[in-house]
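Asker: Take this structure, written in structure tokens, and hold onto it; I'll ask about it next.
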Amino acid sequence: MAEARLHWVSGPVIRAVPEGDFAVNEAVLIGERRLLGEIIRLTREEIVIQVYEDTTGLRPGVRIRGTGYPLSVKLGPALLGNIFDGLLRPLAGGEAIHVEPGMRAAPEQTFAFCPRLKDGDTVAGGEVFGEVSRNGVTQRVLIPPDVAGKVSHIEPDGDYSDNAGLVTVKAADGKTHTVGMQHTWPVRVPRPVTRRLPPDRPMITGQRILDTLFPIARGGKAALPGGFGTGKTVLQESLAKWCDADIIIYVGCGERGNEMAGVLHEFPQLQDPRTGRSLMERTLIIANTSNMPVAAREASIYTGVTVAEYFRDQGLHVALMADSTSRWAEALREVSGRLGELPGEAGYPAYLSSRLASFYERAGRVTALNGEEGSLSIIGAVSPPSGDFSEPVTTHTKRYVRSFWGLDRERAQARFYPAVHPLQSYAEAVDELAGWWRERGSPHWRERRARLLKILEEQDQLERMARIVGKDALPPRQQCILLAGELINQGYLMQSSFSPTDRYASPERQSVMLGLITRYIDLALQAVEQGTSVDTLRGMPILRKLQRMKEDLGEEALDDYAELEHELDDAFAALKPETVHEG
Amino acid sequence: MKADLYAAGNATRIDGPLLFLERSLDVGLNEAVEVSGADGRPRLGRVSALDDDFMTIEVLETTQGLALNETRVRFRGAPLHFSLGPDLLGRVYDGVGRVIDGGPPIAAEQHLRIEGMALNPARRASPADFIETGISSIDIMDSLVRGQKLPIFSGGGLPHDALAIQLARQSRLRGDDAGRFSIVFAGIGIPHDTAEQFRTAMERSGALGHTALFLNLASDSSVQRLLTPRFALTAAEYLAYELGHHVLVILTDITNYCEALREVSASHGEIPSRKGYPGYMYSDLATLYERAGIIEGRPGSLTQIPILSMPSDDISHPIPDLTGYITEGQIVLDRNLHRRGLYPPVKVLPSLSRLMKDGTGRGFTHEDHPDLANQLYAAYARAVQVRVLANVVGEDGLTETDRYYLRFGDSFEHEFIAQEERRGLEASMEIGWRLLAALPASELHRLSDAQIAKYIEPHHG
């Protein structure tokens, strides 16, 4: 491989004199500690390298070795259930309490292998050649996308190291490739697929405000912007816990170390509501905390999405949570500044928008190379300075996502979580997803959703009006709308991620709750029309029951909801028309 | 450590804090240097850029008085280190870790790098030990736990110093295992009076013996301010992780730190980001704040209470804004409450403790604590809304229910937030329940029927 000699260093950028051929984006190893860097600019006389680690101690004369490959990661079965840094180096297991710089090989691991092919079979890139299992978790192993040919040898059933070669493939050009459980893939190159498919069903998150009002499709893209303290991270974690994806990739990009520790401690103790197994088994964490080197933060997003694509190619439904894409954009800005590039909007480089676009475009529902259907959904948190959504990262992200969940500071301050503001959020794929709800026995999902949004909009207007004339001066019907809005907010949209009953709501439970709420609104409006005062409505015990049903009636109590509906009807049937009072 | 190397007479340019030398020695990036001029006074610095022929030294103190020919640079062969030993408590240091109380230097047992390397998140333990501060608005509403970083967002003239001293003095762990407790105080660009006030307060309460004070006064070099918190945190880490203490670190005032950062960035000719602060301010602040925590399998903990004064009380200013994105919540002080004579003037709505969920509730404080906090938050938020409404339409334009909220808001501020003496958790909770009982039970959506029967109804009796 080509070598180079360092001749200038400052911060995470170094310049070196090349002695041989390098390529742009080629990964290089610097010095005896083998610090990882990437070539970002190239002339005949000089290469410019961005270093992913602390450059303390580097000096002119240090040797730099090219690897011959672009920045790549090793994908294999040992990833799942573990925590890695932004360059996919394992963080768990070591003795060191600090993150030590330098490349280390991942420890070797053993899996039981069961072949799916035999000698003489023809294989194409991306094909499944076997299954490996350990501790009751089975994963598929793939031929790398760029390998194809005839199987000349495949190992029989047995325990193998994840470094061992298992299949020998003879390509049409006569070359032989040895393929094991792991293969490497460059992080900045999307893994190929056969076909991209349109969205067909929602990714169920178990969060009512999202599933009911602002759904994300399987293979969809969502942005989650909010100022500090508005609950981005808690919501991301709730999604990681309860959404119905097969695999969760959680990228903590420039965020808090204690939060990562929290996820690591909490997830193994939680049960996946669908499989009954530990949540950690389906989760992979990539942690580049805010005090780790900035350049690796830039890479961590690509690392995460590449790993996610690898699981998608196994025919799985993958959800990637990126918290937060703003820190990634800031890393871009910082590196760009050090290279002396011309700054664009708010100091970000002019290519911010295209980088965001190419990241979100890696989401989608696809037919993988092996014919299996898989999907990758991306949920990116955005941390806009001062919570102002007009800043560049939010506005550019908005152009590429189809679900936008704007978090509101005022809601968060009243401890109203998730603090998604219904009037500042949207979802584009509603029409495509209505069919799924219809098949699941909720034919009215779309109308009811529209109804809720309309009432919330009206409530907002009325509250503004009440600020001028006083609530008492509003006609009874409008006061009733205010009451309905309150019920929707408090009784339906608010959801505690820490309450064991409330933290997850299945689509079935959401349907019956939504039915009850709309039924109440119909009855209440009708009653007001017939002369019942809003104060009377407010005092009815059934209202409190509806407000509390999310806490009091859990997933196992779906039958009790039917009873609640009878109670609701009876309560209104028992109302005696009042004489319209003085007001 | 390698033997020290000297270079003299090879300086080519001095530009603000930057000193350019011909490269005559083989030194590495970020290594520490001591620069001295004709006056013989050593100034700390570090190697900030290197190429084949030249090296750039960033001098961390004033370069005033340095001349090209007489400048002598001593290379330490390693990044800046702090020499620490168990007798470091009870002492006073300047902003770069030199003893200034007239006593002997501390006996060094370990040399630790002041930058501190990033803690491996997989080796962190989750903070979950509730700290009872004795302040209702913090204990009930935004609980502090060991290993947390919880800043106080304040403003000029607000009693953040008094609050910090109170927190340092009266915080304790519930239960028997108090462990060894020590305090590290870092004054960053603070006036002499504030430093003295803190020192006497600690002395009077007898806590000075387990306190280490690091003082970079307002009159000291501003570049040095970038080092003060790093020296203080290195000492704190040594106490926490090597000696097993539970360390509370008070950093005041982070705003001065950020000003110094801006000054240095400008002198480097870097492209400024928001309000002239450098684009890397987030990452830089993170290297301070992220040094709070607990390491799995080690006995100590490091809890941080950074204090920052928000310029013009603006919480969206880059300093509080970026801080809020890194820290685990914030305690916001309110000028309005302060003017009305309420102490501590904690503005509960924008205040938050992210780790509260891990350290409260069954097995930690009280099983109904989280629901009580939630209900108080919801009710007080509504009360504040109603107050705005009442200002416009008058109290008569309010509904019956809203008038209840209006009264709740006032009593919450006067009886719950304001306090003169230390309150235990139970006493604070009791006040909370009593105040909620003044609202109609049908409004208490966040409490279960059982909780209402147990805590609210007795007050109706």
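Each chain in the structure tokens gets a letter, A, B and so on, in the order shown; residues start at 1 in every chain, and ligands are counted from 1 in the order they appear.
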Counting only C-alpha atoms, a student should be able to say which residues of chain B come within 7 Å of chain A; what is the right answer, written as a PyMOL selection string?
Answerer: chain B and resi 27-31+48-52+117-126+271+273+279-280+283+286-287+290+316+321+324-326+329+349-350+374+377-378+381+389+392-393+397-399+442+445
Asker: Show which residues sit within 12 Å of Gly380 (chain A), as a PDB file with N, CA, C and O atoms, in the first residue's frame. Count only C-alpha atoms, and ignore same-chain residues fewer than 5 positions away.
Answerer:
ATOM      1  N   GLY A 220     -40.162   4.651   5.774  1.00  0.00           N
ATOM      2  CA  GLY A 220     -40.349   6.091   5.657  1.00  0.00           C
ATOM      3  C   GLY A 220     -39.257   6.876   6.357  1.00  0.00           C
ATOM      4  O   GLY A 220     -38.318   6.314   6.916  1.00  0.00           O
ATOM      5  N   LYS A 221     -39.420   8.192   6.304  1.00  0.00           N
ATOM      6  CA  LYS A 221     -38.435   9.078   6.897  1.00  0.00           C
ATOM      7  C   LYS A 221     -39.167  10.105   7.731  1.00  0.00           C
ATOM      8  O   LYS A 221     -40.168  10.657   7.283  1.00  0.00           O
ATOM      9  N   ALA A 222     -38.684  10.344   8.927  1.00  0.00           N
ATOM     10  CA  ALA A 222     -39.325  11.329   9.782  1.00  0.00           C
ATOM     11  C   ALA A 222     -38.263  12.211  10.410  1.00  0.00           C
ATOM     12  O   ALA A 222     -37.155  11.760  10.679  1.00  0.00           O
ATOM     13  N   ALA A 223     -38.626  13.458  10.645  1.00  0.00           N
ATOM     14  CA  ALA A 223     -37.731  14.373  11.358  1.00  0.00           C
ATOM     15  C   ALA A 223     -38.395  14.748  12.667  1.00  0.00           C
ATOM     16  O   ALA A 223     -39.612  14.884  12.749  1.00  0.00           O
ATOM     17  N   LEU A 224     -37.575  14.894  13.675  1.00  0.00           N
ATOM     18  CA  LEU A 224     -38.063  15.151  15.020  1.00  0.00           C
ATOM     19  C   LEU A 224     -37.295  16.355  15.575  1.00  0.00           C
ATOM     20  O   LEU A 224     -36.317  16.194  16.281  1.00  0.00           O
ATOM     21  N   PRO A 225     -37.718  17.574  15.199  1.00  0.00           N
ATOM     22  CA  PRO A 225     -36.984  18.739  15.673  1.00  0.00           C
ATOM     23  C   PRO A 225     -37.541  19.254  16.995  1.00  0.00           C
ATOM     24  O   PRO A 225     -38.748  19.150  17.248  1.00  0.00           O
ATOM     25  N   GLY A 226     -36.690  19.789  17.824  1.00  0.00           N
ATOM     26  CA  GLY A 226     -37.151  20.385  19.076  1.00  0.00           C
ATOM     27  C   GLY A 226     -36.004  20.987  19.838  1.00  0.00           C
ATOM     28  O   GLY A 226     -34.884  20.489  19.786  1.00  0.00           O
ATOM     29  N   LYS A 232     -36.897  15.105  22.798  1.00  0.00           N
ATOM     30  CA  LYS A 232     -36.480  14.370  21.593  1.00  0.00           C
ATOM     31  C   LYS A 232     -35.950  12.991  21.948  1.00  0.00           C
ATOM     32  O   LYS A 232     -36.348  11.989  21.376  1.00  0.00           O
ATOM     33  N   THR A 233     -35.027  13.000  22.915  1.00  0.00           N
ATOM     34  CA  THR A 233     -34.342  11.758  23.225  1.00  0.00           C
ATOM     35  C   THR A 233     -35.292  10.736  23.841  1.00  0.00           C
ATOM     36  O   THR A 233     -35.254   9.562  23.486  1.00  0.00           O
ATOM     37  N   LEU A 235     -38.462  10.510  23.348  1.00  0.00           N
ATOM     38  CA  LEU A 235     -39.340   9.994  22.298  1.00  0.00           C
ATOM     39  C   LEU A 235     -38.579   9.018  21.394  1.00  0.00           C
ATOM     40  O   LEU A 235     -39.092   7.949  21.050  1.00  0.00           O
ATOM     41  N   GLN A 236     -37.356   9.384  21.038  1.00  0.00           N
ATOM     42  CA  GLN A 236     -36.542   8.465  20.217  1.00  0.00           C
ATOM     43  C   GLN A 236     -36.389   7.126  20.934  1.00  0.00           C
ATOM     44  O   GLN A 236     -36.467   6.069  20.320  1.00  0.00           O
ATOM     45  N   LEU A 239     -39.541   5.128  20.787  1.00  0.00           N
ATOM     46  CA  LEU A 239     -39.690   4.507  19.475  1.00  0.00           C
ATOM     47  C   LEU A 239     -38.776   3.292  19.378  1.00  0.00           C
ATOM     48  O   LEU A 239     -39.173   2.231  18.899  1.00  0.00           O
ATOM     49  N   ILE A 249     -31.440   0.353  15.033  1.00  0.00           N
ATOM     50  CA  ILE A 249     -30.087   0.899  15.063  1.00  0.00           C
ATOM     51  C   ILE A 249     -30.207   2.264  15.723  1.00  0.00           C
ATOM     52  O   ILE A 249     -30.899   3.150  15.209  1.00  0.00           O
ATOM     53  N   TYR A 250     -29.573   2.420  16.875  1.00  0.00           N
ATOM     54  CA  TYR A 250     -29.686   3.675  17.610  1.00  0.00           C
ATOM     55  C   TYR A 250     -28.355   4.419  17.521  1.00  0.00           C
ATOM     56  O   TYR A 250     -27.352   3.963  18.077  1.00  0.00           O
ATOM     57  N   VAL A 251     -28.358   5.529  16.797  1.00  0.00           N
ATOM     58  CA  VAL A 251     -27.109   6.275  16.641  1.00  0.00           C
ATOM     59  C   VAL A 251     -27.145   7.488  17.562  1.00  0.00           C
ATOM     60  O   VAL A 251     -27.930   8.411  17.353  1.00  0.00           O
ATOM     61  N   GLY A 252     -26.350   7.460  18.598  1.00  0.00           N
ATOM     62  CA  GLY A 252     -26.224   8.611  19.495  1.00  0.00           C
ATOM     63  C   GLY A 252     -25.092   9.458  18.965  1.00  0.00           C
ATOM     64  O   GLY A 252     -23.926   9.152  19.162  1.00  0.00           O
ATOM     65  N   CYS A 253     -25.453  10.520  18.274  1.00  0.00           N
ATOM     66  CA  CYS A 253     -24.456  11.304  17.533  1.00  0.00           C
ATOM     67  C   CYS A 253     -24.243  12.611  18.255  1.00  0.00           C
ATOM     68  O   CYS A 253     -25.076  13.502  18.199  1.00  0.00           O
ATOM     69  N   ILE A 301     -22.999   8.679  11.429  1.00  0.00           N
ATOM     70  CA  ILE A 301     -24.298   8.611  10.755  1.00  0.00           C
ATOM     71  C   ILE A 301     -24.217   7.623   9.582  1.00  0.00           C
ATOM     72  O   ILE A 301     -25.099   6.792   9.381  1.00  0.00           O
ATOM     73  N   GLY A 304     -23.944   4.077  10.840  1.00  0.00           N
ATOM     74  CA  GLY A 304     -25.253   3.593  11.279  1.00  0.00           C
ATOM     75  C   GLY A 304     -26.119   3.165  10.116  1.00  0.00           C
ATOM     76  O   GLY A 304     -26.707   2.075  10.123  1.00  0.00           O
ATOM     77  N   VAL A 305     -26.168   3.979   9.088  1.00  0.00           N
ATOM     78  CA  VAL A 305     -27.084   3.676   7.996  1.00  0.00           C
ATOM     79  C   VAL A 305     -26.559   2.482   7.181  1.00  0.00           C
ATOM     80  O   VAL A 305     -27.345   1.675   6.657  1.00  0.00           O
ATOM     81  N   ALA A 319     -35.337  -0.021  11.775  1.00  0.00           N
ATOM     82  CA  ALA A 319     -35.574   1.396  12.067  1.00  0.00           C
ATOM     83  C   ALA A 319     -34.278   1.989  12.587  1.00  0.00           C
ATOM     84  O   ALA A 319     -33.636   1.421  13.467  1.00  0.00           O
ATOM     85  N   LEU A 320     -33.895   3.120  12.018  1.00  0.00           N
ATOM     86  CA  LEU A 320     -32.677   3.808  12.447  1.00  0.00           C
ATOM     87  C   LEU A 320     -33.075   5.108  13.144  1.00  0.00           C
ATOM     88  O   LEU A 320     -33.810   5.917  12.601  1.00  0.00           O
ATOM     89  N   MET A 321     -32.615   5.264  14.388  1.00  0.00           N
ATOM     90  CA  MET A 321     -32.866   6.510  15.109  1.00  0.00           C
ATOM     91  C   MET A 321     -31.550   7.274  15.138  1.00  0.00           C
ATOM     92  O   MET A 321     -30.552   6.745  15.644  1.00  0.00           O
ATOM     93  N   ALA A 322     -31.541   8.472  14.616  1.00  0.00           N
ATOM     94  CA  ALA A 322     -30.325   9.277  14.648  1.00  0.00           C
ATOM     95  C   ALA A 322     -30.549  10.466  15.568  1.00  0.00           C
ATOM     96  O   ALA A 322     -31.407  11.305  15.315  1.00  0.00           O
ATOM     97  N   ASP A 323     -29.809  10.504  16.661  1.00  0.00           N
ATOM     98  CA  ASP A 323     -29.986  11.555  17.669  1.00  0.00           C
ATOM     99  C   ASP A 323     -28.611  12.146  17.956  1.00  0.00           C
ATOM    100  O   ASP A 323     -27.830  11.492  18.631  1.00  0.00           O
ATOM    101  N   SER A 324     -28.250  13.285  17.402  1.00  0.00           N
ATOM    102  CA  SER A 324     -29.090  14.168  16.634  1.00  0.00           C
ATOM    103  C   SER A 324     -28.357  14.556  15.345  1.00  0.00           C
ATOM    104  O   SER A 324     -27.147  14.707  15.336  1.00  0.00           O
ATOM    105  N   THR A 325     -29.148  14.727  14.271  1.00  0.00           N
ATOM    106  CA  THR A 325     -28.531  15.047  12.980  1.00  0.00           C
ATOM    107  C   THR A 325     -27.911  16.445  12.993  1.00  0.00           C
ATOM    108  O   THR A 325     -27.047  16.745  12.185  1.00  0.00           O
ATOM    109  N   SER A 326     -28.359  17.298  13.921  1.00  0.00           N
ATOM    110  CA  SER A 326     -27.762  18.637  13.991  1.00  0.00           C
ATOM    111  C   SER A 326     -26.300  18.564  14.401  1.00  0.00           C
ATOM    112  O   SER A 326     -25.470  19.336  13.932  1.00  0.00           O
ATOM    113  N   ARG A 327     -25.985  17.635  15.296  1.00  0.00           N
ATOM    114  CA  ARG A 327     -24.584  17.502  15.740  1.00  0.00           C
ATOM    115  C   ARG A 327     -23.727  16.992  14.592  1.00  0.00           C
ATOM    116  O   ARG A 327     -22.559  17.315  14.475  1.00  0.00           O
ATOM    117  N   TRP A 328     -24.343  16.168  13.766  1.00  0.00           N
ATOM    118  CA  TRP A 328     -23.640  15.673  12.584  1.00  0.00           C
ATOM    119  C   TRP A 328     -23.379  16.841  11.625  1.00  0.00           C
ATOM    120  O   TRP A 328     -22.261  17.008  11.121  1.00  0.00           O
ATOM    121  N   ALA A 329     -24.409  17.677  11.420  1.00  0.00           N
ATOM    122  CA  ALA A 329     -24.247  18.836  10.534  1.00  0.00           C
ATOM    123  C   ALA A 329     -23.175  19.775  11.087  1.00  0.00           C
ATOM    124  O   ALA A 329     -22.383  20.342  10.343  1.00  0.00           O
ATOM    125  N   LEU A 356     -27.603  15.835   3.476  1.00  0.00           N
ATOM    126  CA  LEU A 356     -28.813  15.419   4.174  1.00  0.00           C
ATOM    127  C   LEU A 356     -29.691  14.587   3.247  1.00  0.00           C
ATOM    128  O   LEU A 356     -30.222  13.540   3.624  1.00  0.00           O
ATOM    129  N   PHE A 359     -28.386  11.130   2.758  1.00  0.00           N
ATOM    130  CA  PHE A 359     -28.581  10.303   3.951  1.00  0.00           C
ATOM    131  C   PHE A 359     -30.023   9.802   4.026  1.00  0.00           C
ATOM    132  O   PHE A 359     -30.275   8.602   4.136  1.00  0.00           O
ATOM    133  N   TYR A 360     -30.988  10.708   3.929  1.00  0.00           N
ATOM    134  CA  TYR A 360     -32.385  10.281   4.068  1.00  0.00           C
ATOM    135  C   TYR A 360     -32.821   9.390   2.909  1.00  0.00           C
ATOM    136  O   TYR A 360     -33.701   8.553   3.061  1.00  0.00           O
ATOM    137  N   ALA A 363     -33.191   5.541   3.137  1.00  0.00           N
ATOM    138  CA  ALA A 363     -34.372   4.882   3.709  1.00  0.00           C
ATOM    139  C   ALA A 363     -35.226   4.333   2.577  1.00  0.00           C
ATOM    140  O   ALA A 363     -35.106   4.761   1.438  1.00  0.00           O
ATOM    141  N   VAL A 393     -30.563  23.406   9.168  1.00  0.00           N
ATOM    142  CA  VAL A 393     -30.671  21.943   9.242  1.00  0.00           C
ATOM    143  C   VAL A 393     -32.141  21.516   9.244  1.00  0.00           C
ATOM    144  O   VAL A 393     -32.532  20.585   8.527  1.00  0.00           O
ATOM    145  N   THR A 394     -32.980  22.229  10.006  1.00  0.00           N
ATOM    146  CA  THR A 394     -34.404  21.886  10.033  1.00  0.00           C
ATOM    147  C   THR A 394     -35.044  22.107   8.670  1.00  0.00           C
ATOM    148  O   THR A 394     -35.763  21.248   8.161  1.00  0.00           O
ATOM    149  N   THR A 397     -33.872  19.529   6.140  1.00  0.00           N
ATOM    150  CA  THR A 397     -34.387  18.204   6.469  1.00  0.00           C
ATOM    151  C   THR A 397     -35.849  18.090   6.062  1.00  0.00           C
ATOM    152  O   THR A 397     -36.294  17.086   5.518  1.00  0.00           O
ATOM    153  N   LYS A 398     -36.588  19.156   6.301  1.00  0.00           N
ATOM    154  CA  LYS A 398     -38.015  19.190   5.984  1.00  0.00           C
ATOM    155  C   LYS A 398     -38.279  18.847   4.520  1.00  0.00           C
ATOM    156  O   LYS A 398     -39.323  18.313   4.176  1.00  0.00           O
ATOM    157  N   TYR A 400     -36.810  16.657   2.768  1.00  0.00           N
ATOM    158  CA  TYR A 400     -36.565  15.261   2.390  1.00  0.00           C
ATOM    159  C   TYR A 400     -37.362  14.255   3.193  1.00  0.00           C
ATOM    160  O   TYR A 400     -37.361  13.080   2.869  1.00  0.00           O
ATOM    161  N   VAL A 401     -38.001  14.692   4.271  1.00  0.00           N
ATOM    162  CA  VAL A 401     -38.750  13.721   5.077  1.00  0.00           C
ATOM    163  C   VAL A 401     -40.228  13.816   4.737  1.00  0.00           C
ATOM    164  O   VAL A 401     -40.691  14.824   4.217  1.00  0.00           O
ATOM    165  N   ARG A 402     -40.953  12.734   5.053  1.00  0.00           N
ATOM    166  CA  ARG A 402     -42.387  12.764   4.769  1.00  0.00           C
ATOM    167  C   ARG A 402     -43.212  12.853   6.054  1.00  0.00           C
ATOM    168  O   ARG A 402     -44.410  13.025   6.012  1.00  0.00           O
ATOM    169  N   SER A 403     -42.584  12.674   7.190  1.00  0.00           N
ATOM    170  CA  SER A 403     -43.288  12.903   8.454  1.00  0.00           C
ATOM    171  C   SER A 403     -42.473  13.914   9.240  1.00  0.00           C
ATOM    172  O   SER A 403     -41.255  13.789   9.333  1.00  0.00           O
ATOM    173  N   PHE A 404     -43.154  14.896   9.784  1.00  0.00           N
ATOM    174  CA  PHE A 404     -42.465  15.971  10.505  1.00  0.00           C
ATOM    175  C   PHE A 404     -43.124  16.100  11.867  1.00  0.00           C
ATOM    176  O   PHE A 404     -44.315  16.380  11.960  1.00  0.00           O
ATOM    177  N   TRP A 405     -42.364  15.828  12.903  1.00  0.00           N
ATOM    178  CA  TRP A 405     -42.913  15.849  14.259  1.00  0.00           C
ATOM    179  C   TRP A 405     -42.269  16.991  15.027  1.00  0.00           C
ATOM    180  O   TRP A 405     -41.225  16.812  15.667  1.00  0.00           O
ATOM    181  N   GLY A 406     -42.885  18.159  14.948  1.00  0.00           N
ATOM    182  CA  GLY A 406     -42.311  19.342  15.597  1.00  0.00           C
ATOM    183  C   GLY A 406     -42.608  19.351  17.094  1.00  0.00           C
ATOM    184  O   GLY A 406     -43.763  19.266  17.499  1.00  0.00           O
TER     185      GLY A 406
END
Asker: Using backbone DSSP assignments, extract all helix (DSSP H, G or I) residues from region 294-521 of chain A; output them as a ChimeraX atom specification.
Answerer: /A:294-312,325-338,345-347,352-360,385-387,392-400,409-413,430-439,445-469,471-473,476-493,507-521
Asker: Taking the chain letters and numbering used in this document, name the residues of region 173-412 of chain B that DSSP puts in strand (DSSP E or B), as a ChimeraX atom specification.
Answerer: /B:173,181-190,211-217,246-252,272,278,293,295,301-309,329-333,346-353
Asker: Write out as a PyMOL selection string which residues come within 12 Å of Thr200 (chain B) when counting only C-alpha atoms, dropping same-chain ones fewer than 6 positions away.
Answerer: chain B and resi 165+193-194+206-208+211+213
Asker: How would the residues just chosen look if you wrote them out with N, CA and C atoms as a tab-separated table (two decimals), in the first residue's frame?
Answerer:
chain	number	residue	atom	x	y	z
B	165	ILE	N	-24.14	27.78	47.14
B	165	ILE	CA	-23.56	27.52	48.46
B	165	ILE	C	-24.51	26.65	49.28
B	193	ASP	N	-14.92	39.37	45.29
B	193	ASP	CA	-15.93	39.30	46.35
B	193	ASP	C	-16.66	37.97	46.34
B	194	THR	N	-17.04	37.52	45.13
B	194	THR	CA	-17.78	36.27	45.02
B	194	THR	C	-16.93	35.11	45.54
B	206	GLY	N	-17.83	24.82	58.15
B	206	GLY	CA	-16.88	23.75	58.45
B	206	GLY	C	-16.61	22.83	57.28
B	207	ALA	N	-17.04	23.26	56.09
B	207	ALA	CA	-16.89	22.37	54.92
B	207	ALA	C	-15.59	22.63	54.17
B	208	LEU	N	-14.84	23.66	54.58
B	208	LEU	CA	-13.65	24.02	53.82
B	208	LEU	C	-12.63	22.89	53.79
B	211	THR	N	-13.04	20.82	50.78
B	211	THR	CA	-13.29	21.59	49.56
B	211	THR	C	-11.95	21.96	48.92
B	213	LEU	N	-10.60	24.77	46.19
B	213	LEU	CA	-11.03	25.98	45.48
B	213	LEU	C	-10.04	26.30	44.37
Asker: So how far away is CA of Pro318 (chain B) from CA of Val247 (chain B), in Å?
Answerer: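 Going from CA of Val247 (chain B) over to CA of Pro318 (chain B), I get 28.1 Å.
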Asker: Contacts of Pro190 (chain A) at 12 Å or less, counting only C-alpha atoms, minus same-chain residues fewer than 4 places along, as a list in words?
Answerer: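 Non-adjacent residues within range: Ser72, Pro145, Trp185, Pro186, Tyr302, Thr303, Gly304, Val305, Thr306, Val307, Ala308, Glu309, Tyr310, Arg312, Asp313, Ser358, Phe359, Tyr360, Glu361, Arg362, Ala363 and Gly364 of chain A.
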Asker: Residues within 9 Å of region 406-415 of chain B, please, as a PyMOL selection string. Count only C-alpha atoms; anything in the same chain fewer than 6 positions from it doesn't count.
Answerer: chain B and resi 337+342+376+379-384+386-387+390+395+431-432+435-436+438-439
Asker: Please provide as a ChimeraX atom specification all residues within 10 Å of Asp368 (chain B), with the sequence filter that same-chain residues fewer than 3 positions apart are discarded (counting only C-alpha atoms).
Answerer: /B:360-362,365,371-373,429,447,451,455
Asker: Nearest to Pro127 (chain B) among B:Phe364, B:Phe416, B:Tyr282, B:Tyr404, with distances taken over only C-alpha atoms: which residue is it?
Answerer: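 Smallest distance to Pro127 (chain B) is found for B:Phe364.
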Asker: Region 79-94 of chain B: which residues within 8 Å, counting only C-alpha atoms, same-chain residues fewer than 6 positions away excluded, as a VMD selection string?
Answerer: (chain A and resid 56) or (chain B and resid 30 to 32 46 100 to 101 106 to 115 208 to 216 228 231 234 to 235 238 to 239 243)
Asker: Just how far from CA of Ser375 (chain A) is CA of Leu75 (chain A), in Å to one decimal?
Answerer: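 Atom-to-atom, CA of Leu75 (chain A) to CA of Ser375 (chain A), that is 17.6 Å.
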Asker: CA of Ala78 (chain A) and CA of Ser278 (chain A) are how many Å apart?
Answerer: 16.5 Å
Asker: Looking at only C-alpha atoms, which of A:Leu453, A:Ile379, A:Val151, A:Ala299 is the one that sits closest to Tyr52 (chain A)?
Answerer: A:Ala299
Asker: Using only C-alpha atoms, pick whichever of B:Lys454, B:Val99, B:Lys357, B:Gly179 has the shortest atom-to-atom distance to Ser499 (chain A).
Answerer: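 Under the stated criterion, the closest residue is B:Lys357.
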